[in-house]
Amino acid sequence: NFRMAVAHAMNREDFVNITLNGYGVPAEYFWGYRTEFRNTNVPTYEYNIDKAKEYLEKSKYNGETIEIVAAMAHPISNAQVLQENLSKIGVKTEIFATDGPTLTSYTPWGNTDSQIVVTSGPWTTLASSVSMFLMPGSSGNKANYDKPEMTELLKKAAMTFDAAEREKVYAEIQEIVATEIPYLPIFNMELFVAGW
């Protein structure tokens, strides 16, 4: 319920406009912008303050201060936007702004003390990019997400040669992420290349 409250409190337009000066696309799905096999049938989370407050009331949140940790310019800016968004539903937060090496040592695999980690990671056009975020022990798995069913699906996808069957596996992976919310998407950056 707390994660659902955060999901509905996030105004992704704010993140794009403030962090990227408008040069980005709000992300509805936890999936790469141009990554194959995007499942557009999974639930998305509209910005809705009333809904966010309803979920917050159903959660175990009791007014304590939540720490948001982030490193480097864009994630730190996103943490500040998230802090402002969450204040609108009555969630108290503090930001620990740091650098990359400190974030890595502060959020090692197996550490369940982290409350909200604002992070970013590379997606390629290959669906296997998602393994970095969901495979247990991966340095990119800042959510400390460890679900045997998910691990088996990731392995199955890697060993499935038929593209249509592989797409079904990745669709299921996206459905689980959308339901359990180990991660919430913020935006995809736009890249501009100019020449003359």
# chains A, B, ... in the order shown; residues from 1 in each chain; ligands from 1
call {"tool": "residues_around", "arguments": {"residues": "segment 65-72 of chain A", "least_positions_apart": "4", "cutoff": "8 Å", "atoms": "only C-alpha atoms", "output": "list of chain:residue names"}}
result
A:Ile76, A:Ala79, A:Val91, A:Lys92, A:Thr93, A:Glu94, A:Ile95, A:Phe96, A:Ala97, A:Thr98, A:Asp99, A:Gly100, A:Leu103, A:Ser114, A:Gln115, A:Ile116, A:Val117, A:Val118, A:Thr119
call {"tool": "residues_around", "arguments": {"residues": "segment 172-184 of chain A", "least_positions_apart": "4", "cutoff": "10 Å", "atoms": "only C-alpha atoms", "output": "PDB file with C-alpha atoms, in the first residue's frame"}}
result
ATOM      1  CA  ARG A   3       4.426   1.685  -2.654  1.00  0.00           C
ATOM      2  CA  MET A   4       1.043   2.261  -4.312  1.00  0.00           C
ATOM      3  CA  VAL A   6       4.163   6.625  -3.787  1.00  0.00           C
ATOM      4  CA  ALA A   7       3.228   5.434  -7.284  1.00  0.00           C
ATOM      5  CA  MET A  10       4.557  10.826  -8.415  1.00  0.00           C
ATOM      6  CA  ALA A  27       7.787   6.606 -18.226  1.00  0.00           C
ATOM      7  CA  GLU A  28       4.562   4.689 -17.719  1.00  0.00           C
ATOM      8  CA  TYR A  29       6.231   1.285 -17.632  1.00  0.00           C
ATOM      9  CA  PHE A  30       9.293  -0.151 -15.951  1.00  0.00           C
ATOM     10  CA  TRP A  31      10.862  -1.061 -19.270  1.00  0.00           C
ATOM     11  CA  PHE A  37       8.840  -6.925 -25.993  1.00  0.00           C
ATOM     12  CA  ARG A  38       7.298  -4.016 -24.077  1.00  0.00           C
ATOM     13  CA  ASN A  39       4.056  -5.173 -22.469  1.00  0.00           C
ATOM     14  CA  THR A  40       1.585  -2.281 -22.684  1.00  0.00           C
ATOM     15  CA  ASN A  41      -1.149  -4.325 -20.965  1.00  0.00           C
ATOM     16  CA  VAL A  42       0.357  -3.994 -17.488  1.00  0.00           C
ATOM     17  CA  PRO A  43      -1.107  -1.513 -14.986  1.00  0.00           C
ATOM     18  CA  THR A  44       0.238   2.029 -14.977  1.00  0.00           C
ATOM     19  CA  TYR A  45      -0.009   4.490 -12.109  1.00  0.00           C
ATOM     20  CA  ILE A 116      13.778   4.640  -1.115  1.00  0.00           C
ATOM     21  CA  VAL A 117      16.687   4.533  -3.539  1.00  0.00           C
ATOM     22  CA  VAL A 118      16.552   6.847  -6.556  1.00  0.00           C
ATOM     23  CA  THR A 119      18.717   5.192  -9.145  1.00  0.00           C
ATOM     24  CA  VAL A 130      15.976  -6.177 -17.179  1.00  0.00           C
ATOM     25  CA  PHE A 133      17.545  -4.802 -12.036  1.00  0.00           C
ATOM     26  CA  LEU A 134      15.877  -8.063 -10.998  1.00  0.00           C
ATOM     27  CA  ASN A 141      19.324  -4.502  -8.179  1.00  0.00           C
ATOM     28  CA  LYS A 142      18.975  -1.612  -5.725  1.00  0.00           C
ATOM     29  CA  ALA A 143      15.557  -2.889  -4.621  1.00  0.00           C
ATOM     30  CA  ASN A 144      17.195  -6.061  -3.221  1.00  0.00           C
ATOM     31  CA  TYR A 145      14.510  -7.873  -5.174  1.00  0.00           C
ATOM     32  CA  ASP A 146      14.814 -11.626  -4.703  1.00  0.00           C
ATOM     33  CA  GLU A 149       9.817 -17.263  -9.527  1.00  0.00           C
ATOM     34  CA  MET A 150      11.298 -14.162 -11.166  1.00  0.00           C
ATOM     35  CA  THR A 151      14.806 -15.618 -11.237  1.00  0.00           C
ATOM     36  CA  LEU A 153      11.594 -16.561 -15.539  1.00  0.00           C
ATOM     37  CA  LEU A 154      14.742 -14.538 -16.284  1.00  0.00           C
ATOM     38  CA  ALA A 157      13.827 -16.083 -21.152  1.00  0.00           C
ATOM     39  CA  GLU A 167       8.093 -12.368 -25.603  1.00  0.00           C
ATOM     40  CA  LYS A 168       5.499 -14.219 -23.490  1.00  0.00           C
TER      41      LYS A 168
END
call {"tool": "residues_around", "arguments": {"residues": "Lys58 of chain A", "least_positions_apart": "3", "cutoff": "9 Å", "atoms": "only C-alpha atoms", "output": "list in words"}}
result
Asn1, Phe2, Lys53, Glu54, Tyr55 and Tyr61 of chain A
call {"tool": "write_last_selection", "arguments": {"atoms": "N, CA, C and O atoms", "output": "short mmCIF file (atom, residue, chain, number, x, y, z; two decimals), in the first residue's frame"}}
result
data_model
loop_
_atom_site.label_atom_id
_atom_site.label_comp_id
_atom_site.auth_asym_id
_atom_site.auth_seq_id
_atom_site.Cartn_x
_atom_site.Cartn_y
_atom_site.Cartn_z
N ASN A 1 0.82 -1.21 0.00
CA ASN A 1 0.00 0.00 0.00
C ASN A 1 0.86 1.27 0.00
O ASN A 1 0.51 2.26 -0.64
N PHE A 2 1.99 1.22 0.73
CA PHE A 2 2.87 2.39 0.73
C PHE A 2 3.46 2.62 -0.66
O PHE A 2 3.52 3.74 -1.15
N LYS A 53 -3.39 9.22 -1.24
CA LYS A 53 -3.74 9.35 0.18
C LYS A 53 -4.52 8.14 0.69
O LYS A 53 -4.34 7.71 1.83
N GLU A 54 -5.39 7.59 -0.16
CA GLU A 54 -6.16 6.40 0.23
C GLU A 54 -5.22 5.23 0.51
O GLU A 54 -5.37 4.53 1.51
N TYR A 55 -4.26 5.02 -0.40
CA TYR A 55 -3.30 3.92 -0.20
C TYR A 55 -2.43 4.18 1.02
O TYR A 55 -2.10 3.25 1.76
N TYR A 61 2.47 3.13 7.17
CA TYR A 61 3.18 4.39 7.41
C TYR A 61 2.54 5.11 8.59
O TYR A 61 1.32 5.27 8.65
#
call {"tool": "select_by_dssp", "arguments": {"residues": "segment 48-144 of chain A", "states": "strand (DSSP E or B)", "output": "PyMOL selection string"}}
result
chain A and resi 66-71+93-98+116-118
call {"tool": "write_last_selection", "arguments": {"atoms": "C-alpha atoms", "output": "mmCIF file, in the first residue's frame"}}
result
data_model
loop_
_atom_site.group_PDB
_atom_site.id
_atom_site.type_symbol
_atom_site.label_atom_id
_atom_site.label_comp_id
_atom_site.auth_asym_id
_atom_site.auth_seq_id
_atom_site.Cartn_x
_atom_site.Cartn_y
_atom_site.Cartn_z
ATOM 1 C CA ILE A 66 11.597 8.179 5.176
ATOM 2 C CA GLU A 67 15.127 8.421 3.820
ATOM 3 C CA ILE A 68 15.604 8.916 0.087
ATOM 4 C CA VAL A 69 19.142 8.177 -1.089
ATOM 5 C CA ALA A 70 20.505 9.254 -4.473
ATOM 6 C CA ALA A 71 23.828 9.868 -6.170
ATOM 7 C CA THR A 93 11.277 12.513 3.903
ATOM 8 C CA GLU A 94 14.934 13.420 4.121
ATOM 9 C CA ILE A 95 17.421 13.143 1.268
ATOM 10 C CA PHE A 96 20.862 11.608 1.540
ATOM 11 C CA ALA A 97 22.630 13.040 -1.521
ATOM 12 C CA THR A 98 25.929 11.324 -2.199
ATOM 13 C CA ILE A 116 13.778 4.640 -1.115
ATOM 14 C CA VAL A 117 16.687 4.533 -3.539
ATOM 15 C CA VAL A 118 16.552 6.847 -6.556
#
call {"tool": "atom_distance", "arguments": {"atom1": "atom CA of Gly140 of chain A", "atom2": "atom CA of Leu86 of chain A"}}
result
24.6 Å
call {"tool": "closest_residue", "arguments": {"among": "A:Lys88, A:Lys155, A:Lys51, A:Arg166", "to": "His8 of chain A", "atoms": "only C-alpha atoms"}}
result
A:Lys51
call {"tool": "closest_residue", "arguments": {"among": "A:Asn62, A:Thr104, A:Ser120, A:Asn11", "to": "Met189 of chain A", "atoms": "only C-alpha atoms"}}
result
A:Ser120
call {"tool": "select_by_dssp", "arguments": {"residues": "segment 65-109 of chain A", "states": "alpha helix (DSSP H)", "output": "PyMOL selection string"}}
result
chain A and resi 73-87+100-106
call {"tool": "atom_distance", "arguments": {"atom1": "atom CA of Asn48 of chain A", "atom2": "atom CA of Ala9 of chain A"}}
result
6.2 Å
call {"tool": "closest_residue", "arguments": {"among": "A:Thr112, A:Ser129, A:Asn188, A:Thr124", "to": "Pro26 of chain A", "atoms": "only C-alpha atoms"}}
result
A:Asn188
call {"tool": "closest_residue", "arguments": {"among": "A:Val81, A:Ala164, A:Ala5, A:Leu126", "to": "Glu46 of chain A", "atoms": "only C-alpha atoms"}}
result
A:Ala5
call {"tool": "residues_around", "arguments": {"residues": "Asn78 of chain A", "least_positions_apart": "6", "cutoff": "10 Å", "atoms": "only C-alpha atoms", "output": "PyMOL selection string"}}
result
chain A and resi 12+14-16+18-20+70+84+118-119+186-187
call {"tool": "write_last_selection", "arguments": {"atoms": "N, CA, C and O atoms", "output": "compact mmCIF listing (two decimals), in the first residue's frame"}}
result
# COMPACT_ATOMS: atom_id res chain seq x y z
N ARG A 12 5.06 12.54 -12.88
CA ARG A 12 6.20 12.33 -13.77
C ARG A 12 6.51 13.54 -14.65
O ARG A 12 7.65 13.74 -15.07
N ASP A 14 6.52 16.54 -13.58
CA ASP A 14 7.41 17.35 -12.74
C ASP A 14 8.86 16.91 -12.90
O ASP A 14 9.76 17.73 -13.03
N PHE A 15 9.07 15.60 -12.89
CA PHE A 15 10.43 15.07 -13.01
C PHE A 15 11.06 15.47 -14.35
O PHE A 15 12.20 15.90 -14.40
N VAL A 16 10.29 15.31 -15.42
CA VAL A 16 10.80 15.65 -16.76
C VAL A 16 11.11 17.14 -16.84
O VAL A 16 12.17 17.54 -17.32
N ILE A 18 11.59 19.43 -14.41
CA ILE A 18 12.57 19.98 -13.47
C ILE A 18 13.95 19.35 -13.67
O ILE A 18 14.95 20.05 -13.77
N THR A 19 13.99 18.03 -13.76
CA THR A 19 15.29 17.35 -13.87
C THR A 19 15.87 17.46 -15.27
O THR A 19 17.08 17.63 -15.44
N LEU A 20 15.02 17.38 -16.30
CA LEU A 20 15.51 17.34 -17.68
C LEU A 20 15.17 18.58 -18.49
O LEU A 20 15.39 18.60 -19.71
N ALA A 70 20.24 9.10 -3.04
CA ALA A 70 20.50 9.25 -4.47
C ALA A 70 21.93 9.74 -4.66
O ALA A 70 22.50 10.40 -3.80
N GLU A 84 9.16 16.53 -2.82
CA GLU A 84 8.07 17.51 -2.95
C GLU A 84 6.75 16.81 -3.23
O GLU A 84 5.71 17.14 -2.65
N VAL A 118 16.77 6.28 -5.23
CA VAL A 118 16.55 6.85 -6.56
C VAL A 118 17.78 6.52 -7.37
O VAL A 118 18.89 6.97 -7.07
N THR A 119 17.58 5.69 -8.37
CA THR A 119 18.72 5.19 -9.15
C THR A 119 18.38 5.20 -10.63
O THR A 119 17.23 5.45 -11.01
N ILE A 186 10.38 6.59 -13.79
CA ILE A 186 10.24 8.05 -13.72
C ILE A 186 10.19 8.64 -15.13
O ILE A 186 9.17 9.18 -15.54
N PHE A 187 11.29 8.54 -15.86
CA PHE A 187 11.30 9.07 -17.23
C PHE A 187 12.34 8.37 -18.06
O PHE A 187 13.21 7.66 -17.55
call {"tool": "atom_distance", "arguments": {"atom1": "atom CA of Trp109 of chain A", "atom2": "atom CA of Ser139 of chain A"}}
result
7.1 Å
call {"tool": "residues_around", "arguments": {"residues": "Thr125 of chain A", "least_positions_apart": "2", "cutoff": "7 Å", "atoms": "only C-alpha atoms", "output": "list of chain:residue names"}}
result
A:Arg34, A:Thr35, A:Glu36, A:Trp123, A:Ala127
call {"tool": "write_last_selection", "arguments": {"atoms": "N, CA and C atoms", "output": "short mmCIF file (atom, residue, chain, number, x, y, z; two decimals), in the first residue's frame"}}
result
data_model
loop_
_atom_site.label_atom_id
_atom_site.label_comp_id
_atom_site.auth_asym_id
_atom_site.auth_seq_id
_atom_site.Cartn_x
_atom_site.Cartn_y
_atom_site.Cartn_z
N ARG A 34 13.06 1.89 -25.77
CA ARG A 34 13.08 1.22 -27.07
C ARG A 34 13.44 -0.27 -26.93
N THR A 35 13.23 -0.81 -25.74
CA THR A 35 13.56 -2.20 -25.48
C THR A 35 12.47 -3.11 -26.05
N GLU A 36 12.89 -4.20 -26.67
CA GLU A 36 11.95 -5.14 -27.29
C GLU A 36 10.97 -5.73 -26.27
N TRP A 123 19.32 0.63 -20.21
CA TRP A 123 18.51 -0.34 -20.94
C TRP A 123 19.03 -0.35 -22.37
N ALA A 127 15.67 -7.22 -24.35
CA ALA A 127 14.87 -7.40 -23.15
C ALA A 127 15.68 -7.94 -21.97
#
call {"tool": "closest_residue", "arguments": {"among": "A:Gly121, A:Ala171, A:Glu57, A:Glu13", "to": "Val25 of chain A", "atoms": "only C-alpha atoms"}}
result
A:Glu13
call {"tool": "decode", "arguments": {"residues": "segment 63-77 of chain A", "atoms": "all heavy atoms", "output": "short mmCIF file (atom, residue, chain, number, x, y, z; two decimals), in the first residue's frame"}}
result
data_model
loop_
_atom_site.label_atom_id
_atom_site.label_comp_id
_atom_site.auth_asym_id
_atom_site.auth_seq_id
_atom_site.Cartn_x
_atom_site.Cartn_y
_atom_site.Cartn_z
N GLY A 63 3.87 8.27 9.96
CA GLY A 63 4.42 9.60 10.15
C GLY A 63 5.92 9.67 10.33
O GLY A 63 6.49 10.75 10.53
N GLU A 64 6.61 8.50 10.26
CA GLU A 64 8.06 8.52 10.41
C GLU A 64 8.72 9.15 9.18
O GLU A 64 8.13 9.25 8.12
CB GLU A 64 8.60 7.09 10.63
CG GLU A 64 8.34 6.12 9.51
CD GLU A 64 7.02 5.37 9.59
OE1 GLU A 64 6.05 5.89 10.19
OE2 GLU A 64 6.94 4.28 9.02
N THR A 65 9.95 9.61 9.36
CA THR A 65 10.69 10.21 8.26
C THR A 65 11.33 9.11 7.42
O THR A 65 12.03 8.25 7.94
CB THR A 65 11.77 11.17 8.78
OG1 THR A 65 11.13 12.21 9.53
CG2 THR A 65 12.56 11.78 7.64
N ILE A 66 11.07 9.15 6.13
CA ILE A 66 11.60 8.18 5.18
C ILE A 66 12.84 8.75 4.52
O ILE A 66 12.84 9.91 4.06
CB ILE A 66 10.56 7.85 4.08
CG1 ILE A 66 9.25 7.34 4.68
CG2 ILE A 66 11.12 6.87 3.05
CD1 ILE A 66 9.32 6.01 5.36
N GLU A 67 13.91 7.97 4.48
CA GLU A 67 15.13 8.42 3.82
C GLU A 67 15.09 8.09 2.33
O GLU A 67 14.75 6.98 1.94
CB GLU A 67 16.36 7.76 4.44
CG GLU A 67 17.65 8.25 3.82
CD GLU A 67 18.88 7.55 4.35
OE1 GLU A 67 19.04 6.34 4.09
OE2 GLU A 67 19.67 8.20 5.05
N ILE A 68 15.44 9.09 1.53
CA ILE A 68 15.60 8.92 0.09
C ILE A 68 17.09 9.09 -0.19
O ILE A 68 17.66 10.13 0.14
CB ILE A 68 14.80 9.96 -0.72
CG1 ILE A 68 13.32 9.92 -0.34
CG2 ILE A 68 14.98 9.73 -2.21
CD1 ILE A 68 12.49 11.04 -0.98
N VAL A 69 17.71 8.08 -0.78
CA VAL A 69 19.14 8.18 -1.09
C VAL A 69 19.32 8.25 -2.60
O VAL A 69 18.61 7.58 -3.36
CB VAL A 69 19.95 7.00 -0.48
CG1 VAL A 69 19.49 5.66 -1.03
CG2 VAL A 69 21.44 7.17 -0.73
N ALA A 70 20.24 9.10 -3.04
CA ALA A 70 20.50 9.25 -4.47
C ALA A 70 21.93 9.74 -4.66
O ALA A 70 22.50 10.40 -3.80
CB ALA A 70 19.52 10.25 -5.09
N ALA A 71 22.48 9.42 -5.82
CA ALA A 71 23.83 9.87 -6.17
C ALA A 71 23.82 10.43 -7.59
O ALA A 71 23.09 9.95 -8.44
CB ALA A 71 24.81 8.71 -6.08
N MET A 72 24.61 11.43 -7.81
CA MET A 72 24.80 12.08 -9.11
C MET A 72 23.63 13.01 -9.45
O MET A 72 22.57 12.92 -8.85
CB MET A 72 25.08 11.06 -10.20
CG MET A 72 26.38 10.30 -9.93
SD MET A 72 26.67 8.91 -11.04
CE MET A 72 25.47 7.72 -10.50
N ALA A 73 23.85 13.88 -10.40
CA ALA A 73 22.96 15.02 -10.63
C ALA A 73 21.50 14.66 -10.89
O ALA A 73 20.61 15.14 -10.18
CB ALA A 73 23.51 15.87 -11.78
N HIS A 74 21.22 13.85 -11.90
CA HIS A 74 19.82 13.56 -12.23
C HIS A 74 19.09 12.82 -11.12
O HIS A 74 17.98 13.22 -10.74
CB HIS A 74 19.72 12.78 -13.55
CG HIS A 74 19.91 13.64 -14.76
ND1 HIS A 74 20.37 13.15 -15.94
CD2 HIS A 74 19.72 14.96 -14.97
CE1 HIS A 74 20.46 14.11 -16.83
NE2 HIS A 74 20.08 15.23 -16.26
N PRO A 75 19.66 11.75 -10.57
CA PRO A 75 18.94 11.08 -9.47
C PRO A 75 18.73 11.98 -8.25
O PRO A 75 17.68 11.91 -7.60
CB PRO A 75 19.84 9.88 -9.14
CG PRO A 75 20.52 9.58 -10.44
CD PRO A 75 20.79 10.93 -11.04
N ILE A 76 19.70 12.84 -7.94
CA ILE A 76 19.52 13.75 -6.80
C ILE A 76 18.39 14.73 -7.07
O ILE A 76 17.54 15.00 -6.22
CB ILE A 76 20.84 14.48 -6.45
CG1 ILE A 76 21.84 13.47 -5.86
CG2 ILE A 76 20.60 15.62 -5.47
CD1 ILE A 76 23.25 14.01 -5.68
N SER A 77 18.35 15.26 -8.29
CA SER A 77 17.25 16.14 -8.66
C SER A 77 15.92 15.41 -8.60
O SER A 77 14.92 15.94 -8.10
CB SER A 77 17.48 16.70 -10.08
OG SER A 77 16.41 17.53 -10.47
#
